[in-house]
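Here is protein-v7.tsv, consisting of TSV, C-alpha atoms:
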```tsv
chain	number	residue	atom	x	y	z
A	237	MET	CA	0.00	0.00	0.00
A	238	ALA	CA	2.94	2.32	0.55
A	239	PHE	CA	3.67	2.36	-3.20
A	240	ARG	CA	0.40	4.17	-3.99
A	241	LYS	CA	1.24	7.72	-5.04
A	242	ILE	CA	-2.24	9.22	-5.44
A	243	ASP	CA	-4.31	10.11	-2.38
A	244	ILE	CA	-7.55	8.76	-3.81
A	245	ASP	CA	-9.69	9.90	-0.88
A	246	ALA	CA	-8.85	13.53	-1.52
A	247	LEU	CA	-9.79	13.27	-5.19
A	248	GLU	CA	-13.18	11.69	-4.50
A	249	GLU	CA	-16.07	14.00	-5.41
A	250	ASP	CA	-17.82	13.92	-2.07
A	251	ALA	CA	-14.66	14.59	-0.09
A	252	PHE	CA	-15.28	17.08	2.70
A	253	GLY	CA	-12.37	19.50	2.42
A	254	GLU	CA	-11.10	22.37	4.54
A	255	ASP	CA	-12.64	25.00	2.26
A	256	GLU	CA	-16.06	23.35	2.53
A	257	ILE	CA	-15.88	23.40	6.31
A	258	GLU	CA	-14.88	27.06	6.17
A	259	PHE	CA	-17.66	27.94	3.79
A	260	GLN	CA	-20.23	26.31	6.07
A	261	GLU	CA	-19.07	28.32	9.06
A	262	ILE	CA	-18.13	31.66	7.57
A	263	GLY	CA	-20.10	31.94	4.33
A	264	GLU	CA	-18.94	34.09	1.44
A	265	LEU	CA	-15.51	35.60	2.00
A	266	ARG	CA	-15.25	39.36	1.63
A	267	PRO	CA	-12.51	40.86	-0.55
A	268	LEU	CA	-9.10	41.14	1.12
A	269	SER	CA	-8.90	44.94	0.78
A	270	ASP	CA	-12.20	45.42	2.61
A	271	VAL	CA	-11.11	43.26	5.49
A	272	GLU	CA	-7.71	44.91	5.76
A	273	ALA	CA	-9.26	48.39	5.65
A	274	GLU	CA	-11.66	47.43	8.43
A	275	VAL	CA	-8.86	46.00	10.58
A	276	ASN	CA	-6.72	49.11	10.11
A	277	SER	CA	-9.54	51.54	10.92
A	278	ARG	CA	-10.39	49.48	14.00
A	279	ALA	CA	-6.73	49.68	15.09
A	280	GLN	CA	-6.87	53.49	14.84
A	281	GLU	CA	-10.11	53.63	16.84
A	282	VAL	CA	-8.77	51.39	19.58
A	283	ARG	CA	-5.58	53.39	19.86
A	284	SER	CA	-7.45	56.67	20.20
A	285	LEU	CA	-9.76	55.17	22.85
A	286	LEU	CA	-6.73	53.91	24.77
A	287	GLN	CA	-5.12	57.34	24.63
A	288	ARG	CA	-8.25	58.77	26.18
A	289	GLY	CA	-8.01	56.13	28.92
A	290	ASN	CA	-11.21	54.25	28.01
A	291	THR	CA	-9.82	50.70	28.37
A	292	SER	CA	-13.11	48.77	28.49
A	293	GLY	CA	-14.46	50.67	25.46
A	294	ALA	CA	-11.22	50.01	23.60
A	295	LEU	CA	-11.42	46.28	24.37
A	296	THR	CA	-15.08	46.05	23.26
A	297	THR	CA	-14.27	47.86	20.00
A	298	ALA	CA	-11.25	45.66	19.36
A	299	LEU	CA	-13.35	42.49	19.74
A	300	GLN	CA	-15.93	43.42	17.07
A	301	ASN	CA	-16.03	41.56	13.73
A	302	PRO	CA	-12.83	39.53	13.87
A	303	PRO	CA	-11.42	38.67	10.40
A	304	TYR	CA	-12.39	34.98	10.16
A	305	GLY	CA	-11.28	33.13	7.03
A	306	ALA	CA	-8.18	31.43	5.61
A	307	PRO	CA	-6.82	34.12	3.21
A	308	TYR	CA	-6.60	36.90	5.78
A	309	HIS	CA	-3.27	36.05	7.47
A	310	ALA	CA	-1.91	39.60	7.63
A	311	ALA	CA	-5.23	41.03	8.76
A	312	LYS	CA	-5.49	38.40	11.50
A	313	ALA	CA	-1.98	39.18	12.78
A	314	ARG	CA	-2.75	42.91	12.72
A	315	ASN	CA	-6.03	42.39	14.56
A	316	THR	CA	-4.35	40.18	17.18
A	317	GLN	CA	-1.89	43.00	17.81
A	318	THR	CA	-4.74	45.49	18.24
A	319	VAL	CA	-6.59	43.26	20.68
A	320	MET	CA	-3.39	42.61	22.66
A	321	GLU	CA	-2.80	46.37	22.98
A	322	ALA	CA	-6.26	46.73	24.47
A	323	VAL	CA	-5.80	43.68	26.74
A	324	ILE	CA	-2.43	44.86	28.10
A	325	SER	CA	-3.96	48.18	29.07
A	326	VAL	CA	-6.55	46.53	31.35
A	327	LYS	CA	-5.20	46.41	34.90
A	328	VAL	CA	-5.38	43.16	36.89
A	329	VAL	CA	-7.85	44.59	39.40
A	330	ASP	CA	-10.24	45.70	36.63
A	331	MET	CA	-10.17	42.42	34.73
A	332	ALA	CA	-13.18	40.77	36.40
A	333	GLN	CA	-15.30	43.88	35.93
A	334	VAL	CA	-14.34	44.25	32.27
A	335	ALA	CA	-14.97	40.54	31.62
A	336	LYS	CA	-18.47	40.78	33.15
A	337	GLY	CA	-19.25	43.78	30.94
A	338	LEU	CA	-18.73	41.83	27.71
A	339	SER	CA	-21.50	40.04	25.84
A	340	PRO	CA	-21.16	36.21	25.49
A	341	GLU	CA	-19.96	36.49	21.86
A	342	GLU	CA	-17.37	39.08	22.86
A	343	GLN	CA	-16.21	36.82	25.72
A	344	ASP	CA	-15.70	33.95	23.26
A	345	VAL	CA	-13.75	36.19	20.87
A	346	LEU	CA	-11.65	37.48	23.78
A	347	MET	CA	-10.84	33.94	24.86
A	348	LYS	CA	-9.74	33.12	21.28
A	349	TYR	CA	-7.43	36.12	21.30
A	350	LEU	CA	-6.02	35.20	24.73
A	351	TYR	CA	-4.98	31.81	23.39
A	352	ALA	CA	-3.65	33.40	20.19
A	353	GLY	CA	-1.58	35.77	22.31
A	354	MET	CA	-0.23	32.96	24.48
A	355	ALA	CA	0.90	31.15	21.34
A	356	ALA	CA	3.48	33.93	20.84
A	357	PRO	CA	5.01	34.44	24.29
A	358	GLU	CA	8.06	36.27	22.89
A	359	GLN	CA	5.75	39.05	21.66
A	360	TYR	CA	3.09	39.29	24.35
A	361	ASN	CA	3.24	39.20	28.16
A	362	SER	CA	1.94	35.70	29.01
A	363	GLY	CA	1.64	36.46	32.73
A	364	HIS	CA	-0.90	39.18	32.05
A	365	LEU	CA	-2.80	36.97	29.61
A	366	LEU	CA	-2.88	34.16	32.19
A	367	SER	CA	-4.47	36.42	34.83
A	368	PHE	CA	-7.04	37.57	32.30
A	369	HIS	CA	-7.69	33.95	31.33
A	370	GLU	CA	-8.38	33.07	34.97
A	371	LYS	CA	-10.82	35.96	35.46
A	372	LEU	CA	-12.58	35.33	32.16
A	373	THR	CA	-13.02	31.61	32.94
A	374	GLU	CA	-14.55	32.52	36.31
A	375	VAL	CA	-17.07	34.76	34.55
A	376	ALA	CA	-17.75	32.83	31.35
A	377	GLY	CA	-17.19	29.26	32.55
A	378	GLN	CA	-15.49	26.32	30.83
A	379	GLY	CA	-18.03	26.47	28.01
A	380	CYS	CA	-16.13	29.47	26.71
A	381	ILE	CA	-12.97	27.36	26.41
A	382	VAL	CA	-14.91	24.54	24.71
A	383	ARG	CA	-16.25	27.02	22.15
A	384	VAL	CA	-12.73	28.23	21.40
A	385	ILE	CA	-11.49	24.68	20.82
A	386	THR	CA	-14.44	23.63	18.64
A	387	ASP	CA	-15.16	26.78	16.65
A	388	ARG	CA	-13.75	26.47	13.09
A	389	ARG	CA	-13.59	30.26	12.79
A	390	THR	CA	-10.11	30.73	14.23
A	391	VAL	CA	-8.70	33.97	15.63
B	275	MET	CA	8.02	35.28	38.23
B	276	SER	CA	6.71	32.57	40.53
B	277	ASN	CA	3.41	34.44	40.83
B	278	THR	CA	2.54	33.27	37.33
B	279	LEU	CA	2.73	29.61	38.42
B	280	ARG	CA	-0.76	29.49	39.98
B	281	PRO	CA	-2.54	31.15	37.01
B	282	TYR	CA	-0.51	28.99	34.61
B	283	LEU	CA	-1.53	25.73	36.29
B	284	ASN	CA	-5.11	26.95	36.66
B	285	ALA	CA	-5.30	27.81	32.98
B	286	VAL	CA	-3.92	24.38	32.05
B	287	ARG	CA	-6.37	22.67	34.41
B	288	GLN	CA	-9.40	24.53	33.03
B	289	THR	CA	-8.38	24.01	29.41
B	290	LEU	CA	-7.62	20.34	29.98
B	291	THR	CA	-10.96	19.73	31.69
B	292	ALA	CA	-12.73	21.49	28.84
B	293	ALA	CA	-10.78	19.58	26.17
B	294	MET	CA	-11.07	16.13	27.75
B	295	CYS	CA	-14.51	15.37	26.33
B	296	LEU	CA	-13.73	12.15	24.49
B	297	GLU	CA	-16.03	9.52	23.10
B	298	ASN	CA	-15.60	6.36	21.13
B	299	PHE	CA	-15.32	7.01	17.40
B	300	SER	CA	-14.32	4.41	14.82
B	301	SER	CA	-11.97	5.28	12.02
B	302	GLN	CA	-13.67	6.76	8.97
B	303	VAL	CA	-10.82	5.69	6.72
B	304	ALA	CA	-10.53	1.98	7.48
B	305	GLU	CA	-13.54	-0.05	8.50
B	306	ARG	CA	-13.54	-1.90	11.80
B	307	HIS	CA	-10.55	0.14	12.92
B	308	ASN	CA	-10.49	2.38	15.94
B	309	LYS	CA	-7.53	4.74	16.13
B	310	PRO	CA	-6.72	7.87	18.15
B	311	GLU	CA	-7.66	10.53	15.62
B	312	VAL	CA	-5.27	13.12	16.99
B	313	GLU	CA	-2.38	10.84	15.98
B	314	VAL	CA	-3.74	9.65	12.65
B	315	ARG	CA	-5.02	13.08	11.48
B	316	ALA	CA	-6.75	11.49	8.49
B	317	SER	CA	-10.15	13.24	8.68
B	318	LYS	CA	-10.11	17.00	9.09
B	319	GLU	CA	-13.60	17.21	10.55
B	320	VAL	CA	-12.85	15.24	13.71
B	321	LEU	CA	-9.88	17.37	14.69
B	322	LEU	CA	-10.36	20.41	16.91
B	323	ASN	CA	-8.26	23.57	17.19
B	324	PRO	CA	-4.95	23.12	19.00
B	325	VAL	CA	-4.37	25.50	21.87
B	326	ILE	CA	-1.15	26.75	23.48
B	327	ILE	CA	-0.88	27.96	27.07
B	328	SER	CA	2.41	29.63	27.88
B	329	ARG	CA	3.89	31.01	31.06
B	330	ASN	CA	6.89	32.57	29.30
B	331	ASP	CA	8.78	31.74	26.13
B	332	LYS	CA	10.49	28.73	27.78
B	333	GLU	CA	7.50	27.02	29.42
B	334	ARG	CA	4.56	26.07	27.19
B	335	VAL	CA	1.83	23.50	27.03
B	336	LEU	CA	0.25	22.44	23.73
B	337	ILE	CA	-3.15	20.75	23.87
B	338	GLU	CA	-4.44	19.14	20.67
B	339	THR	CA	-7.76	17.33	20.83
B	340	SER	CA	-9.97	15.32	18.55
B	341	VAL	CA	-13.20	13.43	18.96
B	342	ASN	CA	-11.67	10.41	20.66
B	343	SER	CA	-8.23	11.46	21.84
B	344	LEU	CA	-6.21	14.28	23.31
B	345	ARG	CA	-2.49	15.00	23.06
B	346	LEU	CA	-0.79	17.19	25.63
B	347	SER	CA	2.83	18.28	25.17
B	348	ILE	CA	4.85	20.06	27.83
B	349	ALA	CA	7.98	22.16	27.34
B	350	ILE	CA	9.91	22.07	30.62
B	351	LYS	CA	11.87	25.10	31.79
B	352	GLN	CA	15.59	24.53	31.12
B	353	ALA	CA	17.67	27.50	32.13
B	354	ASP	CA	21.20	26.18	31.51
B	355	GLU	CA	23.13	23.26	30.07
B	356	ILE	CA	22.97	21.17	33.26
B	357	GLU	CA	19.19	21.52	33.46
B	358	ARG	CA	18.90	20.60	29.79
B	359	ILE	CA	20.84	17.37	30.36
B	360	LEU	CA	18.89	16.57	33.53
B	361	ALA	CA	15.54	17.18	31.85
B	362	HIS	CA	16.55	15.03	28.89
B	363	LYS	CA	17.58	12.14	31.16
B	364	PHE	CA	14.51	12.48	33.32
B	365	THR	CA	12.10	12.41	30.38
B	366	ARG	CA	14.00	9.50	28.83
B	367	PHE	CA	13.65	7.56	32.09
B	368	LEU	CA	9.90	8.07	31.97
B	369	THR	CA	9.33	7.50	28.28
B	370	GLN	CA	11.26	4.22	28.29
B	371	ARG	CA	8.65	3.01	30.80
B	372	ALA	CA	5.73	4.43	28.86
B	373	GLU	CA	3.83	1.13	28.83
B	374	SER	CA	3.38	1.11	32.59
B	375	PHE	CA	2.57	4.79	32.49
B	376	VAL	CA	-0.42	4.15	30.18
B	377	ILE	CA	-1.06	7.74	29.13
B	378	LEU	CA	2.54	8.66	28.24
B	379	ARG	CA	3.69	8.96	24.65
B	380	ARG	CA	7.09	7.46	23.81
B	381	LYS	CA	8.21	10.35	21.66
B	382	PRO	CA	7.54	13.99	22.49
B	383	ILE	CA	6.15	16.30	19.84
B	384	GLU	CA	8.62	18.59	18.01
B	385	GLY	CA	9.54	21.55	20.16
B	386	TYR	CA	8.42	19.95	23.43
B	387	ASP	CA	10.01	17.70	26.03
B	388	ILE	CA	7.30	15.22	26.92
B	389	SER	CA	3.89	14.29	25.53
B	390	PHE	CA	0.83	12.51	26.85
B	391	LEU	CA	-1.80	10.75	24.76
B	392	ILE	CA	-5.18	10.30	26.43
B	393	THR	CA	-7.87	8.34	24.59
B	394	ASN	CA	-11.53	7.65	25.26
B	395	ALA	CA	-10.56	4.24	26.64
B	396	HIS	CA	-8.50	5.95	29.34
B	397	THR	CA	-11.29	8.33	30.28
B	398	GLU	CA	-13.67	5.40	30.50
B	399	GLN	CA	-11.38	3.48	32.83
B	400	MET	CA	-10.12	6.37	34.91
B	401	TYR	CA	-11.73	9.45	36.42
B	402	LYS	CA	-11.36	12.55	34.24
B	403	HIS	CA	-10.77	14.90	37.15
B	404	LYS	CA	-8.12	12.55	38.53
B	405	LEU	CA	-6.34	12.49	35.16
B	406	VAL	CA	-6.31	16.28	35.12
B	407	ASP	CA	-5.08	16.37	38.74
B	408	PHE	CA	-2.31	13.96	37.80
B	409	ILE	CA	-1.12	16.06	34.86
B	410	ILE	CA	-1.06	19.24	36.95
B	411	GLN	CA	0.80	17.48	39.75
B	412	PHE	CA	3.24	16.11	37.18
B	413	MET	CA	3.96	19.60	35.86
B	414	GLU	CA	4.65	20.87	39.39
B	415	GLU	CA	6.80	17.88	40.35
B	416	VAL	CA	8.98	17.89	37.24
B	417	ASP	CA	10.29	21.37	37.98
B	418	LYS	CA	10.92	20.46	41.62
B	419	GLU	CA	12.69	17.21	40.73
B	420	ILE	CA	14.99	18.87	38.22
B	421	SER	CA	16.06	21.61	40.64
B	422	GLU	CA	16.57	18.99	43.38
B	423	MET	CA	18.72	16.89	41.04
B	424	LYS	CA	20.72	19.94	40.07
B	425	LEU	CA	21.34	20.88	43.71
B	426	SER	CA	22.45	17.38	44.67
B	427	LEU	CA	24.64	17.21	41.56
B	428	ASN	CA	26.38	20.45	42.46
B	429	SER	CA	26.91	19.53	46.12
B	430	ARG	CA	28.24	16.08	45.20
B	431	ALA	CA	30.62	17.61	42.67
B	432	ARG	CA	31.84	20.08	45.29
B	433	ILE	CA	32.48	17.36	47.89
B	434	VAL	CA	34.29	15.16	45.40
B	435	SER	CA	36.48	17.97	44.08
B	436	GLU	CA	37.31	19.16	47.62
B	437	SER	CA	38.36	15.72	48.81
B	438	TYR	CA	40.35	15.08	45.64
B	439	LEU	CA	42.14	18.41	45.51
B	440	SER	CA	42.88	18.47	49.26
B	441	GLN	CA	45.56	15.84	48.73
B	442	PHE	CA	47.52	18.37	46.70
B	443	ASN	CA	47.43	20.93	49.50
```
What does this structure look like when you write it as structure tokens?
Amino acid sequence: MAFRKIDIDALEEDAFGEDEIEFQEIGELRPLSDVEAEVNSRAQEVRSLLQRGNTSGALTTALQNPPYGAPYHAAKARNTQTVMEAVISVKVVDMAQVAKGLSPEEQDVLMKYLYAGMAAPEQYNSGHLLSFHEKLTEVAGQGCIVRVITDRRTV
Amino acid sequence: MSNTLRPYLNAVRQTLTAAMCLENFSSQVAERHNKPEVEVRASKEVLLNPVIISRNDKERVLIETSVNSLRLSIAIKQADEIERILAHKFTRFLTQRAESFVILRRKPIEGYDISFLITNAHTEQMYKHKLVDFIIQFMEEVDKEISEMKLSLNSRARIVSESYLSQFN
């Protein structure tokens, strides 16, 4: 069997591929320029809110409409940076309050970004993310973590 | 630095409890076969998103799950050459006895020092919360053991060198 060179299961018509799974979850993909423009304008908004000291508003804005979809690598990295800027600005004592103020969808998106941030510990402060993770799990429960692991729409 | 240990272990405990929802699932590729899907990785739809929990850039835990199995890989903190050697020997000691260990994987995943493979059969035979407790305790103990070994190594080396060199005094 090792001599077979063609992966016949992948060529079968009914094969359920990655793009089909994505299409089911996300639907039609928007053009790349639209998504990148949205991510950039959101980054500007978040930065101005942070400068004014409105950390919870900045976090809520940063968590809106994340760029789900395979082709948007650069936009995803940019958005992760924006969300991390907002997360770092939240002080440890305020974390529980901020977490309670988020809607369930925003809590799920935040949890996704916490894990995305922890995947790059050289760039982002893992200790801070861990404290936020603890507070968010207390508020949102383990279901939030399950949704992060099972949701095909990553980051 | 040590004040990140509690949140780190808590995060790993919560994520592990959330991820350890395993059920029996036969292979979709070969009939009458039942394989841990996280190892085979043949069908994309039974695999879930892998998740990394890190305390700093040296200590990380990678949790990959699927419908019937879960793979957990730990990167142990190794500050210097001695600790690297000790960690390597310690993990080799354990992985050579992986059969008695049941949930241990013989080879760690790339980039990590030791890996566990937990399947639905294990969760059926053993308590889930006890498995999680065991992993967390393991993570705590490994660090302690390695620093203990390093201390005893250094003190033994000092005694030996003193007694040897004293004859040249």
Would you list the contacts of stretch 320-332 of chain B as a VMD selection string, taking every protein, DNA or RNA residue within 9 Å and counting only C-alpha atoms, but skipping same-chain residues closer than 6 positions in sequence? (chain A and resid 351 to 352 354 to 358 361 to 363 366 384 to 388 390) or (chain B and resid 278 to 279 281 to 282 285 to 286 289 311 to 312 338 to 342 349 to 353)
Neighbours of stretch 275-292 of chain A within 10 Å (all atoms listed in the file; same-chain residues fewer than 5 positions away dropped), as a VMD selection string? chain A and resid 269 to 270 297 to 303 310 to 319 321 to 327 330 to 331 333 to 335 337 to 338
Enter the distance from atom CA of A:Leu350 to atom CA of A:Val391, in Å, rounded to one decimal. 9.6 Å
Among listed residues B:Ile420, B:Asn298, B:Ala431, B:Arg287, nearest B:Lys363 (using only C-alpha atoms): B:Ile420
Using only C-alpha atoms, which residue out of A:Val375, A:Lys241, A:Ile262, A:Gln359 lies closest to chain B? A:Gln359
Best match for closeness to chain A among B:Glu436, B:Glu313, B:Glu297, B:Glu319, counting only C-alpha atoms: B:Glu319
Can you measure atom CA of A:Glu342 to atom CA of A:Leu372 for me? One decimal in Å is fine. 11.1 Å
